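Asker: The structure under discussion is supplied below as structure tokens; questions concerning it will follow.
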2 protein chains.
Amino acid sequence: MQPAEQDVKMRLLQAAKKLFARQGFDGTTIRQICEEADANVALISYYFGGKDKIFQALIETVFSQPLAKDFVSRDLDPVEGLKVLIRELTLFRMREPDLVRLFQQETILNGPRLDVMREHKFPLWIKTRELLEEGRARGLFRFRSLDFTFSFVTGILLDSHGPYFQPLSTEGEQSPERLIEDMTDFILSGLKYEPAT
Amino acid sequence: MQPAEQDVKMRLLQAAKKLFARQGFDGTTIRQICEEADANVALISYYFGGKDKIFQALIETVFSQPLAKDFVSRDLDPVEGLKVLIRELTLFRMREPDLVRLFQQETILNGPRLDVMREHKFPLWIKTRELLEEGRARGLFRFRSLDFTFSFVTGILLDSHGPYFQPLSTEGEQSPERLIEDMTDFILSGLKYEPAT
DNA sequence: GTCTATAAGCCGATAGAC
DNA sequence: GTCTATCGGCTTATAGAC
């Protein structure tokens, strides 16, 4: 694969990510993608084989990079584990807002490609559930339903209303660190965790 | 307005709600809607004036029913107010899953159709923010950032990952009442609320 | 590898018959 | 009020020139 070819393919993938995320799959045309990527209209068919194929290629490039391999494999204390999860996930979400939006859309549309995403991301969520359960067993957390509690935690972690509620915001932009701190605090409090004094 | 006319309009609206929710606005054609409603292709133009218009009409019928009118207008204690909000919103979301999906779709896509929804729902969220702020001022709640805290609360309230995480569920179906109780408990704990003994 | 030109089909919308 | 037939526009995809 030559450099120029690499370059165009990459530009097309980047443009596809951006536009699919912002406008949805159906709301995006290959013409828009090619224009955004400064490439000819025919090159999506040439490099990927069509609109569906470039979407699939996009998903696959995402999962070729490890996201949370170490979080899943490391043997962490429930509290420390949740802290690592909150931090890593929050930073990832701030690094890749378009990707987050893309996932969210697929999740809601419940399309056929959702299974691929499930397969790759579920180890992360299984580990998260295990941390909650272990924390409860050890008396660190207090809650009644694991299913409900898990959904509360993921609701906070994967919140997707940022832009929607933007007009209500009053405090301006804040640092990621403050968000991570406050989120950790809120979740651990919700779990009735009482830090050792 | 004659009965038959009412009937067709209603069937079209119901079909539109179902298909827009499941396939998105761009992924749904007026032909599909009319087929689902057992109506002729031309009737969407005739009754509503076009695809965009039937969407708008759909949103407006939703908001013609009072959802949270009383919640917004009633002068409630912060804690009681949040409890009412959690209950009403949760019950509404269980009654109208398609509508929830529709909102979530549009929220993420951040399209031009979002403004209509914002206009109708924002009084609810403004009131929610006021309750949080008032609760903090009265020493009932403890948190640092109102913006962050508001996003945590809405993340839980508007969680959209139910179907996605379904395969991880272990506790089977549970009653709405239990969900409301647990959610209230988690949120108030996250806000550091300590019930008077 | 890149481009133009064009094919073939679906889209939303509507004029006009009934 | 309902329907058929059709229009113009835009879509994806590709054949073929360079």
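Identifiers in the structure tokens: chain A, B, ... in order shown; residue index from 1 per chain; ligand index from 1 in order shown.
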Which residues of chain A come within 9 Å of chain C, and what is each one's closest atom pair and distance in Å (one decimal), counting only C-alpha atoms (C1' of nucleotides), sorted by chain and residue number, as CSV?

Answerer:
```
residue,atom,partner,partner_atom,distance
A:Glu5,CA,C:DG1,C1',8.0
A:Ala39,CA,C:DT2,C1',8.9
A:Asn40,CA,C:DC3,C1',7.1
A:Val41,CA,C:DC3,C1',8.9
A:Ala42,CA,C:DC3,C1',8.2
A:Leu43,CA,C:DT2,C1',8.1
```

Asker: Taking every C-alpha atom in sequence order, what RMSD do you get when chain A is least-squares fitted onto chain B?

Answerer: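 After least-squares fitting, the two copies differ by 0.8 Å C-alpha RMSD.
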
Asker: Write down as an mmCIF file with C-alpha atoms, in the first residue's frame the residues belonging to segment 147-195 of chain A that are assigned alpha helix (DSSP H) by DSSP computed on the backbone.

Answerer:
```cif
data_model
loop_
_atom_site.group_PDB
_atom_site.id
_atom_site.type_symbol
_atom_site.label_atom_id
_atom_site.label_comp_id
_atom_site.auth_asym_id
_atom_site.auth_seq_id
_atom_site.Cartn_x
_atom_site.Cartn_y
_atom_site.Cartn_z
ATOM 1 C CA ASP A 147 -29.194 -4.519 37.329
ATOM 2 C CA PHE A 148 -30.626 -1.152 38.308
ATOM 3 C CA THR A 149 -27.433 0.070 39.922
ATOM 4 C CA PHE A 150 -25.443 -0.945 36.883
ATOM 5 C CA SER A 151 -27.802 1.032 34.678
ATOM 6 C CA PHE A 152 -27.478 4.108 36.904
ATOM 7 C CA VAL A 153 -23.693 3.942 36.738
ATOM 8 C CA THR A 154 -23.603 3.441 32.976
ATOM 9 C CA GLY A 155 -26.193 6.179 32.558
ATOM 10 C CA ILE A 156 -23.783 8.597 34.186
ATOM 11 C CA LEU A 157 -20.691 7.214 32.460
ATOM 12 C CA GLY A 162 -24.073 17.198 26.825
ATOM 13 C CA PRO A 163 -24.785 19.262 23.704
ATOM 14 C CA TYR A 164 -28.543 19.072 24.227
ATOM 15 C CA PHE A 165 -28.410 20.629 27.667
ATOM 16 C CA PRO A 176 -11.617 17.021 32.680
ATOM 17 C CA GLU A 177 -10.066 16.453 36.088
ATOM 18 C CA ARG A 178 -12.912 18.219 37.848
ATOM 19 C CA LEU A 179 -15.446 16.204 35.882
ATOM 20 C CA ILE A 180 -13.691 12.962 36.794
ATOM 21 C CA GLU A 181 -13.512 13.951 40.449
ATOM 22 C CA ASP A 182 -17.156 14.974 40.654
ATOM 23 C CA MET A 183 -18.362 11.941 38.742
ATOM 24 C CA THR A 184 -16.348 9.599 40.942
ATOM 25 C CA ASP A 185 -17.720 11.319 44.000
ATOM 26 C CA PHE A 186 -21.321 11.151 42.800
ATOM 27 C CA ILE A 187 -21.157 7.503 41.797
ATOM 28 C CA LEU A 188 -19.417 6.333 44.964
ATOM 29 C CA SER A 189 -21.914 8.290 47.049
ATOM 30 C CA GLY A 190 -24.744 6.726 45.090
#
```

Asker: With a distance threshold of 12 Å and counting only C-alpha atoms (C1' of nucleotides), extract the residues of chain A near chain D and express them as a count of residues only.

Answerer: 17

Asker: Using only C-alpha atoms (C1' of nucleotides), determine which residues lie at most 12 Å from segment 124-129 of chain A, disregarding the query and same-chain residues fewer than 6 positions distant; provide the list as a ChimeraX atom specification.

Answerer: /A:66-86,88-89,117-118,135-136,145-154,157-158 /B:164-170

Asker: Take the residues just selected and output them with N, CA and C atoms as a tab-separated table (two decimals), in the first residue's frame.

Answerer:
```tsv
chain	number	residue	atom	x	y	z
A	66	PRO	N	-6.83	-1.33	21.15
A	66	PRO	CA	-7.32	-1.75	22.46
A	66	PRO	C	-7.82	-0.53	23.24
A	67	LEU	N	-8.96	-0.65	23.88
A	67	LEU	CA	-9.48	0.47	24.67
A	67	LEU	C	-9.20	0.28	26.14
A	68	ALA	N	-9.64	-0.81	26.67
A	68	ALA	CA	-9.58	-0.95	28.12
A	68	ALA	C	-9.06	-2.32	28.50
A	69	LYS	N	-8.18	-2.83	27.66
A	69	LYS	CA	-7.63	-4.17	27.90
A	69	LYS	C	-7.08	-4.31	29.31
A	70	ASP	N	-6.33	-3.29	29.73
A	70	ASP	CA	-5.67	-3.38	31.03
A	70	ASP	C	-6.68	-3.26	32.16
A	71	PHE	N	-7.71	-2.48	31.95
A	71	PHE	CA	-8.73	-2.36	33.00
A	71	PHE	C	-9.41	-3.71	33.24
A	72	VAL	N	-9.68	-4.42	32.15
A	72	VAL	CA	-10.37	-5.70	32.27
A	72	VAL	C	-9.48	-6.74	32.91
A	73	SER	N	-8.19	-6.72	32.53
A	73	SER	CA	-7.31	-7.80	32.99
A	73	SER	C	-6.76	-7.55	34.40
A	74	ARG	N	-6.53	-6.27	34.73
A	74	ARG	CA	-5.95	-5.98	36.04
A	74	ARG	C	-6.89	-6.41	37.16
A	75	ASP	N	-6.30	-6.88	38.23
A	75	ASP	CA	-7.12	-7.33	39.35
A	75	ASP	C	-7.22	-6.20	40.36
A	76	LEU	N	-8.31	-5.43	40.20
A	76	LEU	CA	-8.40	-4.19	40.97
A	76	LEU	C	-9.42	-4.27	42.08
A	77	ASP	N	-9.12	-3.59	43.14
A	77	ASP	CA	-10.05	-3.31	44.22
A	77	ASP	C	-11.31	-2.67	43.63
A	78	PRO	N	-12.51	-2.98	44.12
A	78	PRO	CA	-13.73	-2.41	43.55
A	78	PRO	C	-13.69	-0.89	43.46
A	79	VAL	N	-13.28	-0.24	44.53
A	79	VAL	CA	-13.25	1.22	44.51
A	79	VAL	C	-12.20	1.73	43.54
A	80	GLU	N	-11.01	1.20	43.62
A	80	GLU	CA	-9.95	1.62	42.71
A	80	GLU	C	-10.32	1.30	41.27
A	81	GLY	N	-10.95	0.15	41.07
A	81	GLY	CA	-11.36	-0.26	39.73
A	81	GLY	C	-12.35	0.71	39.13
A	82	LEU	N	-13.34	1.09	39.92
A	82	LEU	CA	-14.33	2.05	39.41
A	82	LEU	C	-13.66	3.39	39.10
A	83	LYS	N	-12.73	3.79	39.95
A	83	LYS	CA	-12.04	5.06	39.70
A	83	LYS	C	-11.28	5.01	38.38
A	84	VAL	N	-10.59	3.90	38.14
A	84	VAL	CA	-9.86	3.75	36.88
A	84	VAL	C	-10.83	3.78	35.70
A	85	LEU	N	-11.93	3.05	35.85
A	85	LEU	CA	-12.93	3.01	34.78
A	85	LEU	C	-13.48	4.40	34.46
A	86	ILE	N	-13.87	5.11	35.50
A	86	ILE	CA	-14.43	6.45	35.30
A	86	ILE	C	-13.42	7.35	34.61
A	88	GLU	N	-10.61	6.52	32.77
A	88	GLU	CA	-10.23	6.09	31.42
A	88	GLU	C	-11.37	6.36	30.43
A	89	LEU	N	-12.57	6.01	30.85
A	89	LEU	CA	-13.71	6.17	29.95
A	89	LEU	C	-14.00	7.65	29.68
A	117	MET	N	-20.26	-4.54	18.02
A	117	MET	CA	-19.82	-3.64	19.08
A	117	MET	C	-19.98	-4.28	20.45
A	118	ARG	N	-21.09	-4.96	20.65
A	118	ARG	CA	-21.31	-5.66	21.92
A	118	ARG	C	-20.15	-6.60	22.20
A	135	GLY	N	-17.91	-5.28	45.32
A	135	GLY	CA	-17.97	-4.20	46.30
A	135	GLY	C	-19.14	-4.39	47.27
A	136	ARG	N	-20.22	-4.85	46.74
A	136	ARG	CA	-21.38	-5.11	47.62
A	136	ARG	C	-21.08	-6.28	48.58
A	145	SER	N	-30.57	-3.66	43.88
A	145	SER	CA	-30.58	-4.37	42.60
A	145	SER	C	-29.30	-4.09	41.81
A	146	LEU	N	-28.61	-5.15	41.46
A	146	LEU	CA	-27.40	-4.98	40.66
A	146	LEU	C	-27.74	-4.45	39.27
A	147	ASP	N	-28.80	-4.97	38.67
A	147	ASP	CA	-29.19	-4.52	37.33
A	147	ASP	C	-29.49	-3.02	37.32
A	148	PHE	N	-30.29	-2.57	38.25
A	148	PHE	CA	-30.63	-1.15	38.31
A	148	PHE	C	-29.39	-0.31	38.57
A	149	THR	N	-28.62	-0.71	39.56
A	149	THR	CA	-27.43	0.07	39.92
A	149	THR	C	-26.46	0.17	38.75
A	150	PHE	N	-26.29	-0.94	38.07
A	150	PHE	CA	-25.44	-0.95	36.88
A	150	PHE	C	-25.95	0.06	35.85
A	151	SER	N	-27.26	0.11	35.68
A	151	SER	CA	-27.80	1.03	34.68
A	151	SER	C	-27.64	2.48	35.13
A	152	PHE	N	-27.71	2.74	36.43
A	152	PHE	CA	-27.48	4.11	36.90
A	152	PHE	C	-26.03	4.52	36.62
A	153	VAL	N	-25.12	3.63	36.92
A	153	VAL	CA	-23.69	3.94	36.74
A	153	VAL	C	-23.37	4.17	35.26
A	154	THR	N	-23.88	3.27	34.41
A	154	THR	CA	-23.60	3.44	32.98
A	154	THR	C	-24.33	4.67	32.42
A	157	LEU	N	-21.94	7.36	33.21
A	157	LEU	CA	-20.69	7.21	32.46
A	157	LEU	C	-20.89	7.52	30.97
A	158	LEU	N	-22.02	7.09	30.43
A	158	LEU	CA	-22.22	7.18	28.99
A	158	LEU	C	-23.22	8.26	28.62
B	164	TYR	N	-29.62	-2.36	25.12
B	164	TYR	CA	-28.25	-2.70	24.78
B	164	TYR	C	-27.62	-3.62	25.82
B	165	PHE	N	-27.88	-3.29	27.10
B	165	PHE	CA	-27.27	-4.06	28.17
B	165	PHE	C	-28.13	-5.24	28.62
B	166	GLN	N	-29.25	-5.40	27.95
B	166	GLN	CA	-30.17	-6.47	28.31
B	166	GLN	C	-29.47	-7.82	28.52
B	167	PRO	N	-28.55	-8.20	27.61
B	167	PRO	CA	-27.92	-9.52	27.76
B	167	PRO	C	-27.15	-9.68	29.07
B	168	LEU	N	-26.78	-8.56	29.70
B	168	LEU	CA	-26.04	-8.65	30.95
B	168	LEU	C	-26.97	-8.77	32.16
B	169	SER	N	-28.23	-8.53	31.93
B	169	SER	CA	-29.17	-8.52	33.03
B	169	SER	C	-29.29	-9.90	33.66
B	170	THR	N	-29.39	-9.92	34.99
B	170	THR	CA	-29.44	-11.21	35.69
B	170	THR	C	-30.67	-11.36	36.57
```

Asker: What's the separation between atom CA of Tyr193 of chain B and atom CA of Leu140 of chain A, in Å to one decimal place?

Answerer: 18.8 Å

Asker: Do a neighbour search on Leu99 of chain B at 10 Å with only C-alpha atoms (C1' of nucleotides), toss out local chain neighbours closer than 5 positions, and write the hits as a ChimeraX atom specification.

Answerer: /B:17-18,20-22,58-59,62,92-94,104-105

Asker: Can you work out the spacing between atom CA of Ile108 of chain B and atom CA of His161 of chain A in Å, to one decimal?

Answerer: 7.4 Å
